[in-house]
Structure formats: structure tokens, C-alpha cells
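What follows is the content of my_file-v7.csv (CSV, C-alpha atoms and all ligand atoms).
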```csv
chain,number,residue,atom,x,y,z
A,1,MET,CA,14.2,8.3,-26.4
A,2,ALA,CA,10.7,6.9,-25.7
A,3,PHE,CA,7.9,8.1,-27.9
A,4,TRP,CA,6.0,9.9,-25.1
A,5,GLU,CA,9.2,11.9,-24.3
A,6,ASP,CA,9.9,12.6,-27.9
A,7,LYS,CA,6.5,13.5,-29.4
A,8,THR,CA,3.7,15.8,-28.4
A,9,LEU,CA,0.3,14.2,-27.9
A,10,ASP,CA,-0.9,15.3,-31.4
A,11,GLN,CA,2.1,13.9,-33.1
A,12,MET,CA,1.5,10.3,-31.8
A,13,SER,CA,0.1,7.5,-33.9
A,14,GLU,CA,-3.1,6.0,-32.8
A,15,THR,CA,-1.3,2.9,-31.5
A,16,GLU,CA,1.0,5.1,-29.4
A,17,TRP,CA,-1.9,7.1,-28.2
A,18,GLU,CA,-3.9,4.1,-27.1
A,19,SER,CA,-0.9,2.5,-25.4
A,20,LEU,CA,-0.7,5.5,-23.1
A,21,CYS,CA,-3.8,4.5,-21.2
A,22,ASP,CA,-2.6,2.9,-17.9
A,23,GLY,CA,-5.9,1.0,-17.6
A,24,CYS,CA,-6.7,2.5,-14.2
A,25,GLY,CA,-10.4,2.9,-14.9
A,26,ARG,CA,-10.7,6.1,-13.0
A,27,CYS,CA,-12.2,8.0,-15.9
A,28,CYS,CA,-15.0,5.5,-16.2
A,29,LEU,CA,-16.4,6.1,-12.7
A,30,ILE,CA,-19.7,8.0,-12.6
A,31,LYS,CA,-19.5,11.6,-11.4
A,32,LEU,CA,-22.1,12.9,-9.1
A,33,GLU,CA,-23.2,16.5,-9.2
A,34,ASP,CA,-23.8,18.5,-6.0
A,35,GLU,CA,-27.3,19.9,-6.5
A,36,ASP,CA,-26.5,23.2,-4.8
A,37,SER,CA,-23.0,24.0,-6.0
A,38,GLY,CA,-22.9,22.1,-9.3
A,39,ILE,CA,-19.5,20.7,-8.2
A,40,LEU,CA,-18.7,17.2,-9.6
A,41,ILE,CA,-18.0,14.6,-6.9
A,42,THR,CA,-16.2,11.3,-7.7
A,43,SER,CA,-18.0,8.1,-6.9
A,44,ASP,CA,-17.1,4.4,-6.6
A,45,VAL,CA,-19.7,3.5,-9.1
A,46,ARG,CA,-18.4,2.3,-12.5
A,47,CYS,CA,-19.9,2.8,-15.9
A,48,LYS,CA,-22.1,-0.2,-17.0
A,49,LEU,CA,-19.5,-1.1,-19.6
A,50,LEU,CA,-16.5,-1.1,-17.3
A,51,ASP,CA,-15.2,-4.6,-16.2
A,52,GLY,CA,-14.6,-4.1,-12.5
A,53,ASP,CA,-11.7,-6.6,-12.5
A,54,SER,CA,-9.8,-5.9,-15.7
A,55,CYS,CA,-10.8,-2.2,-15.6
A,56,ARG,CA,-11.3,-2.2,-19.4
A,57,CYS,CA,-14.3,-1.1,-21.4
A,58,THR,CA,-16.1,-4.2,-22.5
A,59,ASP,CA,-17.2,-2.7,-25.8
A,60,TYR,CA,-14.6,0.0,-26.6
A,61,PRO,CA,-15.5,0.2,-30.4
A,62,GLY,CA,-19.2,0.3,-29.7
A,63,ARG,CA,-19.2,2.4,-26.5
A,64,LYS,CA,-20.6,5.6,-27.9
A,65,ALA,CA,-23.8,3.8,-29.0
A,66,LYS,CA,-24.3,2.3,-25.6
A,67,VAL,CA,-23.0,5.2,-23.5
A,68,PRO,CA,-23.6,8.4,-25.4
A,69,ASP,CA,-21.9,10.6,-22.8
A,70,CYS,CA,-18.7,8.6,-22.9
A,71,ILE,CA,-15.9,11.1,-23.8
A,72,LYS,CA,-13.2,10.2,-26.3
A,73,LEU,CA,-10.1,11.9,-25.0
A,74,THR,CA,-8.1,13.9,-27.6
A,75,PRO,CA,-5.0,16.1,-27.3
A,76,GLU,CA,-7.3,19.1,-27.3
A,77,ASN,CA,-10.0,18.1,-24.8
A,78,VAL,CA,-7.7,16.5,-22.2
A,79,THR,CA,-6.7,19.9,-20.9
A,80,GLU,CA,-10.3,21.2,-20.9
A,81,ILE,CA,-12.1,18.4,-19.1
A,82,LYS,CA,-11.7,19.2,-15.4
A,83,TRP,CA,-12.6,15.8,-14.1
A,84,ILE,CA,-9.9,13.8,-15.9
A,85,PRO,CA,-7.9,12.3,-13.0
A,86,THR,CA,-4.7,14.0,-12.2
A,87,THR,CA,-3.0,10.6,-12.5
A,88,CYS,CA,-4.2,10.1,-16.0
A,89,ALA,CA,-1.3,9.6,-18.4
A,90,TYR,CA,-2.9,11.8,-21.0
A,91,ARG,CA,-3.4,14.7,-18.6
A,92,ARG,CA,0.1,14.3,-17.1
A,93,LEU,CA,1.7,14.5,-20.5
A,94,ALA,CA,-0.5,17.4,-21.6
A,95,GLU,CA,0.7,19.2,-18.4
A,96,GLY,CA,4.3,18.4,-19.0
A,97,LYS,CA,4.7,16.0,-16.1
A,98,GLY,CA,5.8,13.0,-18.1
A,99,LEU,CA,4.6,9.5,-17.2
A,100,ALA,CA,4.7,8.4,-13.5
A,101,TRP,CA,7.1,5.7,-12.3
A,102,TRP,CA,4.2,3.3,-11.8
A,103,HIS,CA,2.9,3.7,-15.4
A,104,PRO,CA,3.2,0.3,-17.2
A,105,LEU,CA,5.2,1.8,-20.0
A,106,VAL,CA,7.8,3.0,-17.5
A,107,SER,CA,7.6,0.1,-15.0
A,108,GLY,CA,7.2,-2.6,-17.6
A,109,ASP,CA,4.4,-4.2,-15.6
A,110,PRO,CA,0.6,-3.3,-15.6
A,111,GLN,CA,0.5,-4.6,-12.0
A,112,THR,CA,2.2,-1.5,-10.7
A,113,VAL,CA,-1.0,0.5,-11.4
A,114,ILE,CA,-2.8,-1.8,-9.1
A,115,ASP,CA,-0.1,-2.2,-6.5
A,116,VAL,CA,0.4,1.6,-6.1
A,117,GLY,CA,-3.4,2.1,-5.6
A,118,VAL,CA,-4.3,4.0,-8.7
A,119,SER,CA,-6.4,1.3,-10.3
A,120,VAL,CA,-10.1,1.0,-9.4
A,121,LYS,CA,-9.8,-2.8,-9.7
A,122,GLY,CA,-12.1,-4.5,-7.2
A,123,ARG,CA,-13.2,-1.3,-5.5
A,124,THR,CA,-16.3,-0.3,-7.5
A,125,PHE,CA,-20.0,-1.0,-7.8
A,126,LEU,CA,-21.8,-1.5,-11.1
A,127,GLU,CA,-23.9,1.4,-12.2
A,128,THR,CA,-26.9,-0.8,-12.9
A,129,ASP,CA,-26.7,-2.3,-9.4
A,130,VAL,CA,-27.1,1.0,-7.5
A,131,GLU,CA,-30.6,1.8,-6.3
A,132,PRO,CA,-31.8,5.4,-6.9
A,133,GLY,CA,-31.7,6.2,-3.2
A,134,GLU,CA,-28.2,4.9,-2.7
A,135,TRP,CA,-26.2,7.2,-4.9
A,136,GLU,CA,-25.1,9.6,-2.1
A,137,GLU,CA,-23.5,6.7,-0.2
A,138,HIS,CA,-21.1,6.2,-3.2
A,139,ALA,CA,-19.5,9.7,-3.1
A,140,VAL,CA,-15.8,8.9,-2.4
A,141,ASP,CA,-12.5,10.7,-2.7
A,142,TRP,CA,-10.1,7.9,-3.1
A,143,PRO,CA,-10.2,8.0,-7.0
A,144,GLU,CA,-8.6,11.5,-6.6
A,145,TRP,CA,-5.6,10.2,-4.6
A,146,GLU,CA,-2.2,10.5,-6.1
A,147,PRO,CA,0.8,8.3,-5.3
A,148,PRO,CA,4.1,10.0,-4.5
A,149,GLU,CA,6.2,11.1,-7.5
A,150,THR,CA,9.1,8.8,-6.5
A,151,ILE,CA,9.3,5.4,-4.8
B,1,LIG,S1,-7.9,7.9,-16.4
B,1,LIG,FE1,-6.6,8.0,-18.2
B,1,LIG,S2,-5.1,6.4,-17.9
B,1,LIG,FE2,-6.8,5.9,-16.5
B,1,LIG,S3,-8.2,4.6,-17.7
B,1,LIG,FE3,-8.8,6.7,-18.1
B,1,LIG,S4,-7.8,7.3,-20.0
B,1,LIG,FE4,-6.7,5.5,-19.2
B,2,LIG,S1,-18.3,3.4,-22.2
B,2,LIG,FE1,-16.4,2.3,-21.8
B,2,LIG,S2,-14.8,3.9,-22.1
B,2,LIG,FE2,-16.8,5.0,-21.9
B,2,LIG,S3,-17.0,5.4,-19.7
B,2,LIG,FE3,-18.0,3.5,-20.1
B,2,LIG,S4,-16.4,1.9,-19.6
B,2,LIG,FE4,-15.4,3.8,-19.9
```
Just dump the structure as C-alpha cells.
Amino acid sequence: MAFWEDKTLDQMSETEWESLCDGCGRCCLIKLEDEDSGILITSDVRCKLLDGDSCRCTDYPGRKAKVPDCIKLTPENVTEIKWIPTTCAYRRLAEGKGLAWWHPLVSGDPQTVIDVGVSVKGRTFLETDVEPGEWEEHAVDWPEWEPPETI
């Protein structure tokens, strides 16, 4: 049995935990807050440390110093943070859904995350390139899209 089927999130080793990240980059998109309702809206603007092509953090070990509000996911907080994407492997496991068919650990190929349309690769704008008056134009809902559960 695979480790993600056999263990709870808090039983996993650090290596197992880190390997669960599918590299989609969705959690590294900037959230916009609706001024009236306080509701968080997704955007196509990526954190200044996210590589728009590889969708990896360019300074994972030093990220907290450069991006203080970067959240480190844990077995505890993954169920509490509402904006964690529904496709996120950590959230899926915490909710008992298992890993999706397109997850690299299941498909055996990181490309399936891109092919199925979950990855943010090539679809984002760098935070530091967005002018103050342009933020509203970047409110998008595609980062909330979920692929079908089966092929
Ligand atoms: S949303 Fe989840 S799976 Fe995707 S990059 Fe973030 S932590 Fe990894
Ligand atoms: S600092 Fe790194 S891990 Fe944190 S949001 Fe930015 S790109 Fe993602």
C-alpha cells in the first residue's frame, strides 16, 4: 500500500510530506480581498518567489524571511485555511479524498498536473510587475477549477 493510503498526514516523514506537493503553484497565487464583503478572491498574480514556469518556490528554505505571510502547511492548519485549493494534495488527503488520478505520485508523471489544467504554469503574472491600479483586472476563477475525478 502506498504511504499516502497507509498513513495519516501527521504520521508521514518529512520526505513523504514534501513529496505530496504536486507542484501546481496554486497556493502561491496572491489572494485579493473584496473590500465590502471581506471575501478572498483568487488572482492570476503569483508570489514574487514563484517561478512561473517550473511553479516552484525559488527560495523555499529562505522563503519566510522574504515573504513573511507565506504559510507553511501542516496536518493541523490544512483543514483550517479556507483558501487552500480544493485540488491540493494535502487538503484532499485531510478530507479523505485520496490523491487524484492526475497527481504525479499516482500518474507517475509530473506533466499530468499541467496537461489536466491544474498547474498555473505559464498563466500567471509576477507580483512585482503588477501596477497598483491593475490588481482588479487580475481577479480570476480558473485557479479554483477542478478536473473530473476520473478520466
Ligand atoms: S496547492 Fe498544494 S499541491 Fe499545489 S503547490 Fe500548493 S501545496 Fe503543493
Ligand atoms: S514564498 Fe515560496 S512557497 Fe511561499 S507563497 Fe511565495 S512562492 Fe509560494
Selected residue, from A:Arg56, A:Arg63, A:His103, A:His138, that lies nearest to A:Leu32 when counting all atoms listed in the file: A:His138
List every residue of stretch 15-61 of chain A that has an atom at most 12 Å from any atom of stretch 121-130 of chain A, giving for each one its closest atom pair and the distance in Å to one decimal, counting only C-alpha atoms, sorted by chain and then by ascending residue number, as CSV.
```
residue,atom,partner,partner_atom,distance
A:Gly23,CA,A:Lys121,CA,9.6
A:Cys24,CA,A:Lys121,CA,7.6
A:Gly25,CA,A:Lys121,CA,7.7
A:Arg26,CA,A:Lys121,CA,9.5
A:Cys28,CA,A:Thr124,CA,10.5
A:Leu29,CA,A:Thr124,CA,8.2
A:Ile30,CA,A:Glu127,CA,7.8
A:Lys31,CA,A:Glu127,CA,11.1
A:Thr42,CA,A:Thr124,CA,11.6
A:Ser43,CA,A:Thr124,CA,8.6
A:Asp44,CA,A:Thr124,CA,4.9
A:Val45,CA,A:Phe125,CA,4.7
A:Arg46,CA,A:Leu126,CA,5.3
A:Cys47,CA,A:Glu127,CA,5.6
A:Lys48,CA,A:Glu127,CA,5.4
A:Leu49,CA,A:Leu126,CA,8.8
A:Leu50,CA,A:Leu126,CA,8.2
A:Asp51,CA,A:Lys121,CA,8.6
A:Gly52,CA,A:Lys121,CA,5.7
A:Asp53,CA,A:Lys121,CA,5.1
A:Ser54,CA,A:Lys121,CA,6.8
A:Cys55,CA,A:Lys121,CA,6.0
A:Arg56,CA,A:Lys121,CA,9.8
```
Distance criterion (only C-alpha atoms and all ligand atoms): nearest to ligand LIG 2 (chain B) out of A:Cys70, A:Ile39, A:Ala2, A:Ile151: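 Counting only C-alpha atoms and all ligand atoms, the residue closest to ligand LIG 2 (chain B) is A:Cys70.
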Spatial neighbours of A:Cys88, max dist 12 Å, all atoms listed in the file, sep filter under 4 positions, as an mmCIF file with C-alpha atoms, in the coordinates of the input:
```cif
data_model
loop_
_atom_site.group_PDB
_atom_site.id
_atom_site.type_symbol
_atom_site.label_atom_id
_atom_site.label_comp_id
_atom_site.auth_asym_id
_atom_site.auth_seq_id
_atom_site.Cartn_x
_atom_site.Cartn_y
_atom_site.Cartn_z
ATOM 1 C CA LEU A 20 -0.700 5.500 -23.100
ATOM 2 C CA CYS A 21 -3.800 4.500 -21.200
ATOM 3 C CA ASP A 22 -2.600 2.900 -17.900
ATOM 4 C CA GLY A 23 -5.900 1.000 -17.600
ATOM 5 C CA CYS A 24 -6.700 2.500 -14.200
ATOM 6 C CA GLY A 25 -10.400 2.900 -14.900
ATOM 7 C CA ARG A 26 -10.700 6.100 -13.000
ATOM 8 C CA CYS A 27 -12.200 8.000 -15.900
ATOM 9 C CA CYS A 28 -15.000 5.500 -16.200
ATOM 10 C CA LEU A 73 -10.100 11.900 -25.000
ATOM 11 C CA VAL A 78 -7.700 16.500 -22.200
ATOM 12 C CA THR A 79 -6.700 19.900 -20.900
ATOM 13 C CA ILE A 81 -12.100 18.400 -19.100
ATOM 14 C CA LYS A 82 -11.700 19.200 -15.400
ATOM 15 C CA TRP A 83 -12.600 15.800 -14.100
ATOM 16 C CA ILE A 84 -9.900 13.800 -15.900
ATOM 17 C CA ARG A 92 0.100 14.300 -17.100
ATOM 18 C CA LEU A 93 1.700 14.500 -20.500
ATOM 19 C CA ALA A 94 -0.500 17.400 -21.600
ATOM 20 C CA GLU A 95 0.700 19.200 -18.400
ATOM 21 C CA LYS A 97 4.700 16.000 -16.100
ATOM 22 C CA GLY A 98 5.800 13.000 -18.100
ATOM 23 C CA LEU A 99 4.600 9.500 -17.200
ATOM 24 C CA ALA A 100 4.700 8.400 -13.500
ATOM 25 C CA TRP A 102 4.200 3.300 -11.800
ATOM 26 C CA HIS A 103 2.900 3.700 -15.400
ATOM 27 C CA VAL A 113 -1.000 0.500 -11.400
ATOM 28 C CA VAL A 118 -4.300 4.000 -8.700
ATOM 29 C CA SER A 119 -6.400 1.300 -10.300
ATOM 30 C CA PRO A 143 -10.200 8.000 -7.000
ATOM 31 C CA GLU A 144 -8.600 11.500 -6.600
ATOM 32 C CA TRP A 145 -5.600 10.200 -4.600
ATOM 33 C CA GLU A 146 -2.200 10.500 -6.100
ATOM 34 C CA PRO A 147 0.800 8.300 -5.300
#
```
Nearest to A:Thr74 by atom-to-atom distance, counting all atoms listed in the file, from A:Thr86, A:Gly133, A:Gln11, A:Gly96: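 Of A:Thr86, A:Gly133, A:Gln11, A:Gly96, the one nearest A:Thr74 is A:Gln11, counting all atoms listed in the file.
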Selected residue, from A:Glu33, A:Glu76, A:Glu136, A:Glu18, that lies nearest to ligand LIG 1 (chain B) when counting only C-alpha atoms and all ligand atoms: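 Between A:Glu33, A:Glu76, A:Glu136, A:Glu18, the residue approaching ligand LIG 1 (chain B) most closely is A:Glu18.
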Atom pair atom FE4 of ligand LIG 2 (chain B) / atom CA of A:Cys57: separation (Å):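 The value is 5.2 Å.
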Length of the atom CA of A:Val120 to atom CA of A:Glu35 vector [Å]: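 These two atoms are separated by 25.7 Å.
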